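*Asks:* Shown below is the structure under consideration.
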Amino acid sequence: MTENQIKWWQKAVVYQIYPRSFQDANHDGIGDLKGIESRLDYVKKLGADVIWLNPVYASPNEDNGYDISDYEAINPEFGTMEDFESLLSEAHARGIKIVMDLVVNHSSSKHQWFIESKSSKDNDKRDFYIWRDPVDGHEPNNWGSFFSGPAWKFDEATGQYYLHLFAEGQPDLNWANPEVRQSVFDMMNRWVDKGIDGFRMDVISLLSKPDGLPDGPVPTDAHYASSNDMVANGPKIHDYLQEMREKVLNNADLMTVGEASNVDIKNAKRYAAKDGSELNMVFQFEHMELDENADPALGKWDNTPLPLTKLKENLSKWQNELAGVAWNSLYWENHDQPRAVSRFGSDAPEFRVKSAKMLATMLHFMQGTPYIYQGEEIGMTNAYNLGWDDFNDIEIKNARKYLVERDQLIDADTLLDYVHYKGRDNARTPMQWTDGKNAGFTDVDPWLKLNDNYKEINVDAALADEDSVFYHYQKLIAFRHDLDIVTTGRYELLDPEDEQVYAYKRVGDQEELLVINSFAKETIERDFALPDEAELLISNYQDDAGKDLRPYESKVYRIQK
Ligand code: ISL
Ligand code: CA
């Protein structure tokens with residue numbers, strides 16, 4: 001890859017904003033568009049090129065905006081269309097692009113399409129969704145919802161079930177219906193005409209359902225088959241995305257990233273193919289699931305620590321296999337994942353800053369487009385102070401309802417431990433701006449409880465400390481912009497069997513980068529046979545201790561060949 005072949009989004013860094021939790025401007029305890037606009041200079045200071053906005057459309061909020069009742073209206077809690085347009089132009093004035101969330105595997109059950117679809121079996125929107133007759137008085141198949149429980153809901157009035165891979169209020173759209181596809185593409189084009197810069201596509205790998213909707217294998221102790229195994233990367237998915245490419249995505253210079261649960265390398269090479277026939281990149285989930293329970297009935301609910309060698313093997317596979325043929329996205333966090341420093345580093349006071357910087361360096365020197373989730377840049381941690389009465393997330397609530405109360409697969413206290421380790425609300429507590437009232441997020445009661453560590457961990461404190469996690473991210477972003485080798489260099493993993501150190505190289509024609517990251521809590525010794533002229537680019541310690549790697553030490557050398 002040479003300089004003139006590099007696409008803008010291959011050198012860009014994305015900052016993800018969860019609007020509900022970022023900044024409240026109108027004193028109702030809920031973050032909003034005006035609040036985001038007031039913080040654009042902060043995003044600019046960090047150096048990010050793109051903002052990915054989680055859904056801001058009209059929604060009854062059964063799944064916090066991922067259940068959309070009108071794709072072309074702004075949720076009044078977040079503001080008006082005028083506020084959106086103002087945010088977009090203020091972002092553009094600062095050279096920041098805005099990528100919107102596109103949630104079209106399902107709509108809300110309150111969407112006009114579904115209201116009509118449900119009204120009778122012969123309504124002309126009936127086939128916009130996936131309706132089936134009962135089989136022997138039961139669900140049409142054994143699929144489970146991603147949020148626990150069955151993936152089908154019976155409708156008394158018309159005597160059929162509809163499919164909902166997520167919450168009951170999120171009926172799946174029928175992508176096999178060409179009218180559905182055209183309606184979605186028309187809607188997307190109207191957003192493109194408004195001047196947005198791209199789409200992050202929710203669960204895009206699930207659009208094409210398998211022919212005949214067959215039963216799936218049911219794990220021991222579980223009631224339902226995993227929908228993921230049954231519906232990800234279905235038979236028509238690449239046709240649908242190529243059609244979207246022709247009818248929408250080619251109409252402007254957009255950045256596209258598909259959230260692709262259960263995507264494997266083979267499919268990712270097609271979704272994110274270099275020829276630009278589908279999307280620019282996908283979010284893959286393998287590295288998020290390496291610490292998953294051996295018990296499939298519990299799915300993600302577990303707190304087994306991650307073996308570093310497995311992480312290295314996995315991320316290296318994605319680096320190597322997509323090189324030259326497709327493009328990676330790089331992330332530790334998003335609104336569905338816990339805080340990285342708590343999960344992969346250490347949030348103990350003596351290690352938090354060091355390990356947050358180490359994780360940042362480890363990820364940001366890889367090949368791909370990095371994503372930073374709000375608060376990650378100041379090392380925000382999981383929220384252990386939230387209890388059962390505080391959670392808002394439907395995934396957490398349903399886990400308790402089905403796995404604890406109905407199926408008795410696990411007790412509530414154990415589940416609470418797992419939620420504190422993996423639950424989505426860990427990422428959704430309000431952004432910590434100051435050490436003042438409600439961390440400067442709002443001056444009234446916030447919609448979700450704050451993490452009680454905001455007096456120590458907040459933006460004000462980070463900006464006042466030149467040694468903070470924030471300034472480390474700022475440097476990493478600048479390196480990506482300034483050094484092409486971060487975008488183009490060949491990735492080479494070192495010492496795959498080392499359980500404590502993740503070291504790799506990025507190799508270019510004239511020079512190489514050596515990236516060394518210790519995951520150990522104590523000082524260990526490693527010899528990387530550094531040449532004398534190696535230049536230390538960035539580190540999370542003040543000095544260089546040579547072969548001694550101190551707790552969570554991370555350093556990057558530039559070596560001329
Ligand atoms: O969150 C997860 C694991 O905890 C995932 O299974 C997640 O549900 C999946 O990645 C899909 O996520 C996306 O679609 C969901 C929505 O709840 C998530 O917030 C969104 O990112 C349904 O729209
Ligand atoms: Ca508000």
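So you can find residues: chains in the structure tokens are A, B, ... in the order shown, residues in each start at 1, and ligands are numbered from 1 in order.
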Any chance you could tabulate, as a Markdown table, the residues of segment 292-386 of chain A at most 10 Å from segment 496-505 of chain A with each one's nearest atom pair and distance in Å to one decimal, using only C-alpha atoms, in chain and rising number order?
*Replies:*
| residue | atom | partner | partner_atom | distance |
| --- | --- | --- | --- | --- |
| A:Pro307 | CA | A:Glu499 | CA | 7.2 |
| A:Leu308 | CA | A:Glu499 | CA | 5.5 |
| A:Thr309 | CA | A:Glu499 | CA | 5.6 |
| A:Lys310 | CA | A:Glu499 | CA | 9.1 |
| A:Leu311 | CA | A:Tyr502 | CA | 9.1 |
| A:Lys312 | CA | A:Pro496 | CA | 6.8 |
| A:Glu313 | CA | A:Pro496 | CA | 7.0 |
| A:Ser316 | CA | A:Tyr504 | CA | 9.2 |
| A:Met362 | CA | A:Tyr502 | CA | 7.7 |
| A:Phe365 | CA | A:Lys505 | CA | 9.1 |
| A:Met366 | CA | A:Tyr504 | CA | 9.0 |
*Asks:* Restricted to C-alpha atoms, what would the selected residues look like written as an mmCIF file, in the first residue's frame?
*Replies:*
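Below you can see selection.cif, which holds the result:
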data_model
loop_
_atom_site.group_PDB
_atom_site.id
_atom_site.type_symbol
_atom_site.label_atom_id
_atom_site.label_comp_id
_atom_site.auth_asym_id
_atom_site.auth_seq_id
_atom_site.Cartn_x
_atom_site.Cartn_y
_atom_site.Cartn_z
ATOM 1 C CA PRO A 307 -5.368 -16.048 28.620
ATOM 2 C CA LEU A 308 -3.042 -13.578 26.870
ATOM 3 C CA THR A 309 -1.760 -16.183 24.414
ATOM 4 C CA LYS A 310 -5.296 -16.704 23.118
ATOM 5 C CA LEU A 311 -5.746 -12.979 22.617
ATOM 6 C CA LYS A 312 -2.440 -12.747 20.760
ATOM 7 C CA GLU A 313 -3.277 -15.675 18.557
ATOM 8 C CA SER A 316 -2.733 -11.768 15.046
ATOM 9 C CA MET A 362 -1.179 -2.251 22.154
ATOM 10 C CA PHE A 365 -0.188 0.481 16.721
ATOM 11 C CA MET A 366 -2.037 -2.285 14.912
#
*Asks:* Could you make a table, as a Markdown table, of the residues of chain A that have an atom within 7 Å of an atom of ligand 1, each with its nearest atom pair and distance in Å to one decimal, counting only C-alpha atoms and all ligand atoms, in chain and number order?
*Replies:*
| residue | atom | partner | partner_atom_place_in_ligand_line | distance |
| --- | --- | --- | --- | --- |
| A:Asp63 | CA | ligand 1 | 17 (O) | 5.7 |
| A:Tyr66 | CA | ligand 1 | 23 (O) | 4.5 |
| A:Asp67 | CA | ligand 1 | 23 (O) | 6.7 |
| A:Val103 | CA | ligand 1 | 23 (O) | 6.5 |
| A:Phe146 | CA | ligand 1 | 6 (O) | 5.9 |
| A:Phe166 | CA | ligand 1 | 22 (C) | 5.8 |
| A:Asp202 | CA | ligand 1 | 13 (C) | 5.4 |
| A:Val203 | CA | ligand 1 | 11 (C) | 5.4 |
| A:Ser261 | CA | ligand 1 | 10 (O) | 5.8 |
| A:Lys300 | CA | ligand 1 | 4 (O) | 6.8 |
| A:His335 | CA | ligand 1 | 19 (O) | 6.4 |
| A:Asp336 | CA | ligand 1 | 1 (O) | 4.4 |
| A:Gln337 | CA | ligand 1 | 4 (O) | 6.4 |
| A:Gly423 | CA | ligand 1 | 4 (O) | 6.9 |
| A:Arg424 | CA | ligand 1 | 4 (O) | 6.4 |
*Asks:* Those residues you just picked out, can you put them in a file as a PDB file, in the first residue's frame with C-alpha atoms?
*Replies:*
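Resulting contents of again_23.pdb:
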ATOM      1  CA  ASP A  63     -33.261  -1.190  24.014  1.00  0.00           C
ATOM      2  CA  TYR A  66     -31.825   0.310  19.074  1.00  0.00           C
ATOM      3  CA  ASP A  67     -35.603  -0.034  18.749  1.00  0.00           C
ATOM      4  CA  VAL A 103     -30.383  -0.269  12.786  1.00  0.00           C
ATOM      5  CA  PHE A 146     -29.949 -12.594  22.117  1.00  0.00           C
ATOM      6  CA  PHE A 166     -33.531  -9.169  20.196  1.00  0.00           C
ATOM      7  CA  ASP A 202     -26.056  -2.672  13.622  1.00  0.00           C
ATOM      8  CA  VAL A 203     -25.923  -6.519  13.536  1.00  0.00           C
ATOM      9  CA  SER A 261     -21.588 -10.884  15.265  1.00  0.00           C
ATOM     10  CA  LYS A 300     -21.530 -14.370  27.794  1.00  0.00           C
ATOM     11  CA  HIS A 335     -21.584   0.607  24.526  1.00  0.00           C
ATOM     12  CA  ASP A 336     -22.105  -3.188  24.689  1.00  0.00           C
ATOM     13  CA  GLN A 337     -18.812  -4.069  26.362  1.00  0.00           C
ATOM     14  CA  GLY A 423     -22.579  -6.113  31.809  1.00  0.00           C
ATOM     15  CA  ARG A 424     -23.340  -3.379  29.288  1.00  0.00           C
TER      16      ARG A 424
END
*Asks:* Determine which residues of segment 138-263 of chain A DSSP labels as alpha helix (DSSP H) from the backbone of this structure, then write them out as an mmCIF file with all heavy atoms, in the first residue's frame.
*Replies:*
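Ended up saving to selection-v1.cif:
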data_model
loop_
_atom_site.group_PDB
_atom_site.id
_atom_site.type_symbol
_atom_site.label_atom_id
_atom_site.label_comp_id
_atom_site.auth_asym_id
_atom_site.auth_seq_id
_atom_site.Cartn_x
_atom_site.Cartn_y
_atom_site.Cartn_z
ATOM 1 N N PRO A 178 -38.197 -7.353 -1.361
ATOM 2 C CA PRO A 178 -37.513 -6.241 -2.045
ATOM 3 C C PRO A 178 -38.055 -4.871 -1.647
ATOM 4 O O PRO A 178 -37.309 -3.888 -1.652
ATOM 5 C CB PRO A 178 -37.773 -6.502 -3.536
ATOM 6 C CG PRO A 178 -38.552 -7.744 -3.649
ATOM 7 C CD PRO A 178 -38.819 -8.308 -2.301
ATOM 8 N N GLU A 179 -39.326 -4.795 -1.269
ATOM 9 C CA GLU A 179 -39.888 -3.505 -0.825
ATOM 10 C C GLU A 179 -39.251 -3.032 0.478
ATOM 11 O O GLU A 179 -39.111 -1.833 0.700
ATOM 12 C CB GLU A 179 -41.389 -3.668 -0.573
ATOM 13 C CG GLU A 179 -42.267 -3.312 -1.745
ATOM 14 C CD GLU A 179 -43.726 -3.342 -1.308
ATOM 15 O OE1 GLU A 179 -44.163 -2.438 -0.576
ATOM 16 O OE2 GLU A 179 -44.409 -4.330 -1.674
ATOM 17 N N VAL A 180 -38.925 -3.980 1.350
ATOM 18 C CA VAL A 180 -38.243 -3.620 2.600
ATOM 19 C C VAL A 180 -36.880 -3.023 2.262
ATOM 20 O O VAL A 180 -36.498 -1.952 2.741
ATOM 21 C CB VAL A 180 -38.065 -4.849 3.524
ATOM 22 C CG1 VAL A 180 -37.083 -4.562 4.662
ATOM 23 C CG2 VAL A 180 -39.409 -5.294 4.074
ATOM 24 N N ARG A 181 -36.158 -3.708 1.392
ATOM 25 C CA ARG A 181 -34.815 -3.232 1.045
ATOM 26 C C ARG A 181 -34.887 -1.836 0.426
ATOM 27 O O ARG A 181 -34.153 -0.935 0.821
ATOM 28 C CB ARG A 181 -34.130 -4.218 0.081
ATOM 29 C CG ARG A 181 -34.006 -5.633 0.669
ATOM 30 C CD ARG A 181 -32.900 -6.419 -0.010
ATOM 31 N NE ARG A 181 -33.151 -6.681 -1.416
ATOM 32 C CZ ARG A 181 -33.896 -7.691 -1.896
ATOM 33 N NH1 ARG A 181 -34.494 -8.525 -1.058
ATOM 34 N NH2 ARG A 181 -34.049 -7.862 -3.197
ATOM 35 N N GLN A 182 -35.817 -1.659 -0.517
ATOM 36 C CA GLN A 182 -35.898 -0.353 -1.170
ATOM 37 C C GLN A 182 -36.285 0.743 -0.169
ATOM 38 O O GLN A 182 -35.740 1.846 -0.209
ATOM 39 C CB GLN A 182 -36.889 -0.410 -2.340
ATOM 40 C CG GLN A 182 -36.756 0.776 -3.295
ATOM 41 C CD GLN A 182 -35.330 0.942 -3.846
ATOM 42 O OE1 GLN A 182 -34.723 -0.005 -4.343
ATOM 43 N NE2 GLN A 182 -34.774 2.152 -3.723
ATOM 44 N N SER A 183 -37.181 0.432 0.753
ATOM 45 C CA SER A 183 -37.589 1.441 1.752
ATOM 46 C C SER A 183 -36.392 1.840 2.619
ATOM 47 O O SER A 183 -36.212 3.013 2.948
ATOM 48 C CB SER A 183 -38.694 0.909 2.662
ATOM 49 O OG SER A 183 -39.765 0.425 1.904
ATOM 50 N N VAL A 184 -35.590 0.855 2.993
ATOM 51 C CA VAL A 184 -34.404 1.153 3.808
ATOM 52 C C VAL A 184 -33.397 1.977 2.989
ATOM 53 O O VAL A 184 -32.854 2.976 3.476
ATOM 54 C CB VAL A 184 -33.752 -0.144 4.332
ATOM 55 C CG1 VAL A 184 -32.388 0.135 4.941
ATOM 56 C CG2 VAL A 184 -34.656 -0.826 5.362
ATOM 57 N N PHE A 185 -33.171 1.591 1.751
ATOM 58 C CA PHE A 185 -32.186 2.321 0.936
ATOM 59 C C PHE A 185 -32.639 3.768 0.709
ATOM 60 O O PHE A 185 -31.818 4.696 0.766
ATOM 61 C CB PHE A 185 -31.968 1.613 -0.417
ATOM 62 C CG PHE A 185 -31.437 0.207 -0.286
ATOM 63 C CD1 PHE A 185 -31.689 -0.757 -1.258
ATOM 64 C CD2 PHE A 185 -30.666 -0.166 0.822
ATOM 65 C CE1 PHE A 185 -31.197 -2.057 -1.137
ATOM 66 C CE2 PHE A 185 -30.173 -1.462 0.954
ATOM 67 C CZ PHE A 185 -30.445 -2.406 -0.024
ATOM 68 N N ASP A 186 -33.932 3.979 0.482
ATOM 69 C CA ASP A 186 -34.438 5.353 0.298
ATOM 70 C C ASP A 186 -34.183 6.183 1.558
ATOM 71 O O ASP A 186 -33.754 7.335 1.486
ATOM 72 C CB ASP A 186 -35.943 5.338 0.000
ATOM 73 C CG ASP A 186 -36.245 4.769 -1.387
ATOM 74 O OD1 ASP A 186 -35.303 4.653 -2.210
ATOM 75 O OD2 ASP A 186 -37.425 4.430 -1.643
ATOM 76 N N MET A 187 -34.468 5.580 2.696
ATOM 77 C CA MET A 187 -34.250 6.272 3.970
ATOM 78 C C MET A 187 -32.763 6.612 4.146
ATOM 79 O O MET A 187 -32.389 7.736 4.500
ATOM 80 C CB MET A 187 -34.763 5.367 5.102
ATOM 81 C CG MET A 187 -34.494 5.811 6.504
ATOM 82 S SD MET A 187 -32.888 5.319 7.156
ATOM 83 C CE MET A 187 -33.108 3.566 7.475
ATOM 84 N N MET A 188 -31.892 5.651 3.829
ATOM 85 C CA MET A 188 -30.446 5.905 3.956
ATOM 86 C C MET A 188 -30.027 7.063 3.041
ATOM 87 O O MET A 188 -29.248 7.939 3.439
ATOM 88 C CB MET A 188 -29.640 4.650 3.596
ATOM 89 C CG MET A 188 -29.782 3.517 4.601
ATOM 90 S SD MET A 188 -28.975 1.990 4.032
ATOM 91 C CE MET A 188 -27.241 2.395 4.292
ATOM 92 N N ASN A 189 -30.552 7.065 1.828
ATOM 93 C CA ASN A 189 -30.177 8.131 0.892
ATOM 94 C C ASN A 189 -30.581 9.511 1.402
ATOM 95 O O ASN A 189 -29.880 10.495 1.174
ATOM 96 C CB ASN A 189 -30.788 7.868 -0.490
ATOM 97 C CG ASN A 189 -29.872 6.973 -1.316
ATOM 98 O OD1 ASN A 189 -28.638 7.122 -1.289
ATOM 99 N ND2 ASN A 189 -30.454 6.026 -2.040
ATOM 100 N N ARG A 190 -31.713 9.564 2.103
ATOM 101 C CA ARG A 190 -32.107 10.878 2.629
ATOM 102 C C ARG A 190 -31.115 11.346 3.702
ATOM 103 O O ARG A 190 -30.816 12.524 3.814
ATOM 104 C CB ARG A 190 -33.559 10.834 3.123
ATOM 105 C CG ARG A 190 -34.551 10.776 1.945
ATOM 106 C CD ARG A 190 -35.999 10.958 2.387
ATOM 107 N NE ARG A 190 -36.542 9.791 3.065
ATOM 108 C CZ ARG A 190 -37.160 8.763 2.443
ATOM 109 N NH1 ARG A 190 -37.321 8.764 1.129
ATOM 110 N NH2 ARG A 190 -37.636 7.752 3.141
ATOM 111 N N TRP A 191 -30.564 10.427 4.479
ATOM 112 C CA TRP A 191 -29.524 10.821 5.453
ATOM 113 C C TRP A 191 -28.226 11.217 4.738
ATOM 114 O O TRP A 191 -27.558 12.169 5.134
ATOM 115 C CB TRP A 191 -29.267 9.686 6.455
ATOM 116 C CG TRP A 191 -30.312 9.652 7.536
ATOM 117 C CD1 TRP A 191 -31.367 8.788 7.636
ATOM 118 C CD2 TRP A 191 -30.422 10.540 8.650
ATOM 119 N NE1 TRP A 191 -32.116 9.086 8.744
ATOM 120 C CE2 TRP A 191 -31.566 10.149 9.386
ATOM 121 C CE3 TRP A 191 -29.669 11.631 9.105
ATOM 122 C CZ2 TRP A 191 -31.970 10.805 10.555
ATOM 123 C CZ3 TRP A 191 -30.069 12.283 10.270
ATOM 124 C CH2 TRP A 191 -31.207 11.875 10.975
ATOM 125 N N VAL A 192 -27.905 10.483 3.690
ATOM 126 C CA VAL A 192 -26.693 10.837 2.931
ATOM 127 C C VAL A 192 -26.850 12.243 2.355
ATOM 128 O O VAL A 192 -25.926 13.065 2.409
ATOM 129 C CB VAL A 192 -26.423 9.794 1.814
ATOM 130 C CG1 VAL A 192 -25.281 10.260 0.916
ATOM 131 C CG2 VAL A 192 -26.100 8.434 2.428
ATOM 132 N N ASP A 193 -28.057 12.546 1.853
ATOM 133 C CA ASP A 193 -28.306 13.889 1.310
ATOM 134 C C ASP A 193 -28.139 14.980 2.358
ATOM 135 O O ASP A 193 -27.811 16.117 2.048
ATOM 136 C CB ASP A 193 -29.723 13.978 0.714
ATOM 137 C CG ASP A 193 -29.851 13.149 -0.560
ATOM 138 O OD1 ASP A 193 -28.804 12.783 -1.133
ATOM 139 O OD2 ASP A 193 -30.997 12.860 -0.967
ATOM 140 N N LYS A 194 -28.402 14.653 3.588
ATOM 141 C CA LYS A 194 -28.212 15.615 4.686
ATOM 142 C C LYS A 194 -26.741 15.917 4.934
ATOM 143 O O LYS A 194 -26.408 16.866 5.638
ATOM 144 C CB LYS A 194 -28.777 15.024 5.981
ATOM 145 C CG LYS A 194 -30.069 15.656 6.405
ATOM 146 C CD LYS A 194 -30.461 15.152 7.786
ATOM 147 C CE LYS A 194 -31.967 15.269 7.967
ATOM 148 N NZ LYS A 194 -32.458 16.640 7.723
ATOM 149 N N SER A 227 -29.270 -18.022 18.416
ATOM 150 C CA SER A 227 -29.651 -17.429 17.131
ATOM 151 C C SER A 227 -28.428 -17.073 16.307
ATOM 152 O O SER A 227 -28.448 -17.123 15.083
ATOM 153 C CB SER A 227 -30.474 -16.169 17.358
ATOM 154 O OG SER A 227 -31.663 -16.508 17.989
ATOM 155 N N ASN A 228 -27.377 -16.678 17.011
ATOM 156 C CA ASN A 228 -26.146 -16.306 16.334
ATOM 157 C C ASN A 228 -25.677 -17.405 15.388
ATOM 158 O O ASN A 228 -25.362 -17.172 14.233
ATOM 159 C CB ASN A 228 -25.075 -16.074 17.394
ATOM 160 C CG ASN A 228 -24.261 -14.842 17.086
ATOM 161 O OD1 ASN A 228 -24.222 -14.401 15.947
ATOM 162 N ND2 ASN A 228 -23.620 -14.309 18.085
ATOM 163 N N ASP A 229 -25.642 -18.637 15.932
ATOM 164 C CA ASP A 229 -25.161 -19.751 15.116
ATOM 165 C C ASP A 229 -26.091 -19.985 13.935
ATOM 166 O O ASP A 229 -25.676 -20.441 12.881
ATOM 167 C CB ASP A 229 -25.096 -21.035 15.950
ATOM 168 C CG ASP A 229 -24.075 -20.895 17.073
ATOM 169 O OD1 ASP A 229 -23.220 -20.001 16.958
ATOM 170 O OD2 ASP A 229 -24.162 -21.658 18.052
ATOM 171 N N MET A 230 -27.376 -19.712 14.135
ATOM 172 C CA MET A 230 -28.345 -20.019 13.099
ATOM 173 C C MET A 230 -28.432 -18.953 12.020
ATOM 174 O O MET A 230 -28.662 -19.270 10.865
ATOM 175 C CB MET A 230 -29.740 -20.212 13.730
ATOM 176 C CG MET A 230 -29.840 -21.410 14.643
ATOM 177 S SD MET A 230 -29.222 -22.912 13.867
ATOM 178 C CE MET A 230 -30.320 -23.068 12.450
ATOM 179 N N VAL A 231 -28.315 -17.685 12.387
ATOM 180 C CA VAL A 231 -28.637 -16.661 11.394
ATOM 181 C C VAL A 231 -27.474 -15.802 10.920
ATOM 182 O O VAL A 231 -27.631 -15.051 9.970
ATOM 183 C CB VAL A 231 -29.767 -15.719 11.882
ATOM 184 C CG1 VAL A 231 -31.025 -16.515 12.136
ATOM 185 C CG2 VAL A 231 -29.360 -14.947 13.094
ATOM 186 N N ILE A 237 -26.733 -12.546 2.396
ATOM 187 C CA ILE A 237 -26.202 -11.333 3.018
ATOM 188 C C ILE A 237 -25.307 -10.529 2.071
ATOM 189 O O ILE A 237 -25.387 -9.303 2.002
ATOM 190 C CB ILE A 237 -25.488 -11.646 4.365
ATOM 191 C CG1 ILE A 237 -25.010 -10.370 5.044
ATOM 192 C CG2 ILE A 237 -24.336 -12.608 4.205
ATOM 193 C CD1 ILE A 237 -26.104 -9.400 5.391
ATOM 194 N N HIS A 238 -24.464 -11.227 1.315
ATOM 195 C CA HIS A 238 -23.559 -10.467 0.442
ATOM 196 C C HIS A 238 -24.316 -9.819 -0.718
ATOM 197 O O HIS A 238 -23.981 -8.714 -1.140
ATOM 198 C CB HIS A 238 -22.405 -11.352 -0.030
ATOM 199 C CG HIS A 238 -21.558 -11.837 1.121
ATOM 200 N ND1 HIS A 238 -20.737 -10.996 1.834
ATOM 201 C CD2 HIS A 238 -21.475 -13.047 1.720
ATOM 202 C CE1 HIS A 238 -20.151 -11.689 2.811
ATOM 203 N NE2 HIS A 238 -20.583 -12.936 2.759
ATOM 204 N N ASP A 239 -25.377 -10.474 -1.190
ATOM 205 C CA ASP A 239 -26.227 -9.848 -2.225
ATOM 206 C C ASP A 239 -26.839 -8.554 -1.686
ATOM 207 O O ASP A 239 -26.854 -7.526 -2.364
ATOM 208 C CB ASP A 239 -27.379 -10.774 -2.628
ATOM 209 C CG ASP A 239 -26.879 -12.044 -3.303
ATOM 210 O OD1 ASP A 239 -25.687 -12.086 -3.645
ATOM 211 O OD2 ASP A 239 -27.677 -12.981 -3.469
ATOM 212 N N TYR A 240 -27.361 -8.623 -0.468
ATOM 213 C CA TYR A 240 -28.019 -7.439 0.098
ATOM 214 C C TYR A 240 -27.027 -6.280 0.241
ATOM 215 O O TYR A 240 -27.347 -5.129 -0.059
ATOM 216 C CB TYR A 240 -28.625 -7.743 1.470
ATOM 217 C CG TYR A 240 -29.738 -8.773 1.464
ATOM 218 C CD1 TYR A 240 -30.087 -9.455 2.633
ATOM 219 C CD2 TYR A 240 -30.453 -9.070 0.291
ATOM 220 C CE1 TYR A 240 -31.105 -10.390 2.643
ATOM 221 C CE2 TYR A 240 -31.476 -10.020 0.304
ATOM 222 C CZ TYR A 240 -31.793 -10.680 1.473
ATOM 223 O OH TYR A 240 -32.801 -11.621 1.490
ATOM 224 N N LEU A 241 -25.831 -6.590 0.712
ATOM 225 C CA LEU A 241 -24.856 -5.507 0.929
ATOM 226 C C LEU A 241 -24.356 -4.948 -0.404
ATOM 227 O O LEU A 241 -24.110 -3.751 -0.524
ATOM 228 C CB LEU A 241 -23.700 -5.989 1.802
ATOM 229 C CG LEU A 241 -24.104 -6.269 3.253
ATOM 230 C CD1 LEU A 241 -22.928 -6.812 4.052
ATOM 231 C CD2 LEU A 241 -24.654 -5.017 3.931
ATOM 232 N N GLN A 242 -24.237 -5.806 -1.402
ATOM 233 C CA GLN A 242 -23.818 -5.295 -2.710
ATOM 234 C C GLN A 242 -24.903 -4.409 -3.316
ATOM 235 O O GLN A 242 -24.616 -3.390 -3.939
ATOM 236 C CB GLN A 242 -23.445 -6.455 -3.636
ATOM 237 C CG GLN A 242 -22.088 -7.054 -3.222
ATOM 238 C CD GLN A 242 -21.819 -8.426 -3.792
ATOM 239 O OE1 GLN A 242 -22.387 -8.815 -4.814
ATOM 240 N NE2 GLN A 242 -20.956 -9.187 -3.132
ATOM 241 N N GLU A 243 -26.147 -4.782 -3.070
ATOM 242 C CA GLU A 243 -27.259 -3.952 -3.542
ATOM 243 C C GLU A 243 -27.243 -2.597 -2.815
ATOM 244 O O GLU A 243 -27.431 -1.535 -3.423
ATOM 245 C CB GLU A 243 -28.574 -4.696 -3.287
ATOM 246 C CG GLU A 243 -29.788 -4.029 -3.911
ATOM 247 C CD GLU A 243 -31.091 -4.777 -3.581
ATOM 248 O OE1 GLU A 243 -31.037 -5.940 -3.103
ATOM 249 O OE2 GLU A 243 -32.164 -4.182 -3.796
ATOM 250 N N MET A 244 -26.973 -2.639 -1.512
ATOM 251 C CA MET A 244 -26.882 -1.397 -0.728
ATOM 252 C C MET A 244 -25.727 -0.531 -1.245
ATOM 253 O O MET A 244 -25.834 0.690 -1.350
ATOM 254 C CB MET A 244 -26.669 -1.739 0.751
ATOM 255 C CG MET A 244 -26.644 -0.539 1.666
ATOM 256 S SD MET A 244 -26.119 -0.993 3.332
ATOM 257 C CE MET A 244 -27.574 -1.784 3.991
ATOM 258 N N ARG A 245 -24.633 -1.178 -1.577
ATOM 259 C CA ARG A 245 -23.475 -0.464 -2.130
ATOM 260 C C ARG A 245 -23.880 0.301 -3.393
ATOM 261 O O ARG A 245 -23.625 1.482 -3.532
ATOM 262 C CB ARG A 245 -22.357 -1.483 -2.392
ATOM 263 C CG ARG A 245 -21.193 -1.079 -3.263
ATOM 264 C CD ARG A 245 -20.356 0.060 -2.752
ATOM 265 N NE ARG A 245 -19.829 -0.117 -1.411
ATOM 266 C CZ ARG A 245 -19.239 0.876 -0.715
ATOM 267 N NH1 ARG A 245 -19.103 2.079 -1.252
ATOM 268 N NH2 ARG A 245 -18.805 0.666 0.499
ATOM 269 N N GLU A 246 -24.577 -0.398 -4.293
ATOM 270 C CA GLU A 246 -24.964 0.245 -5.561
ATOM 271 C C GLU A 246 -26.005 1.326 -5.367
ATOM 272 O O GLU A 246 -25.935 2.381 -5.985
ATOM 273 C CB GLU A 246 -25.553 -0.794 -6.523
ATOM 274 C CG GLU A 246 -24.495 -1.599 -7.229
ATOM 275 C CD GLU A 246 -25.064 -2.908 -7.769
ATOM 276 O OE1 GLU A 246 -26.258 -2.941 -8.123
ATOM 277 O OE2 GLU A 246 -24.303 -3.893 -7.792
ATOM 278 N N LYS A 247 -26.977 1.063 -4.493
ATOM 279 C CA LYS A 247 -28.107 1.993 -4.412
ATOM 280 C C LYS A 247 -27.883 3.137 -3.434
ATOM 281 O O LYS A 247 -28.595 4.139 -3.492
ATOM 282 C CB LYS A 247 -29.377 1.227 -4.042
ATOM 283 C CG LYS A 247 -29.771 0.253 -5.145
ATOM 284 C CD LYS A 247 -31.179 -0.257 -4.982
ATOM 285 C CE LYS A 247 -31.602 -1.049 -6.214
ATOM 286 N NZ LYS A 247 -32.610 -2.064 -5.886
#
*Asks:* Can you measure atom CA of Asn438 of chain A to atom CA of Phe84 of chain A for me? One decimal in Å is fine.
*Replies:*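 Interatomic distance, atom CA of Asn438 of chain A to atom CA of Phe84 of chain A: 25.2 Å.
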*Asks:* Could you list, as a ChimeraX atom specification, all the residues within 7 Å of ligand 2, counting only C-alpha atoms and all ligand atoms?
*Replies:* /A:24-32,77-78
*Asks:* For the contact check between segment 113-149 of chain A and segment 401-421 of chain A, emit one row per residue of segment 113-149 of chain A within 10 Å, containing the shortest atom pair and the distance in Å rounded to one decimal, counting only C-alpha atoms, chain then rising number order, as a tab-separated table.
*Replies:*
residue	atom	partner	partner_atom	distance
A:Phe147	CA	A:Tyr402	CA	9.4
A:Ser148	CA	A:Tyr402	CA	6.4
A:Gly149	CA	A:Tyr402	CA	6.4
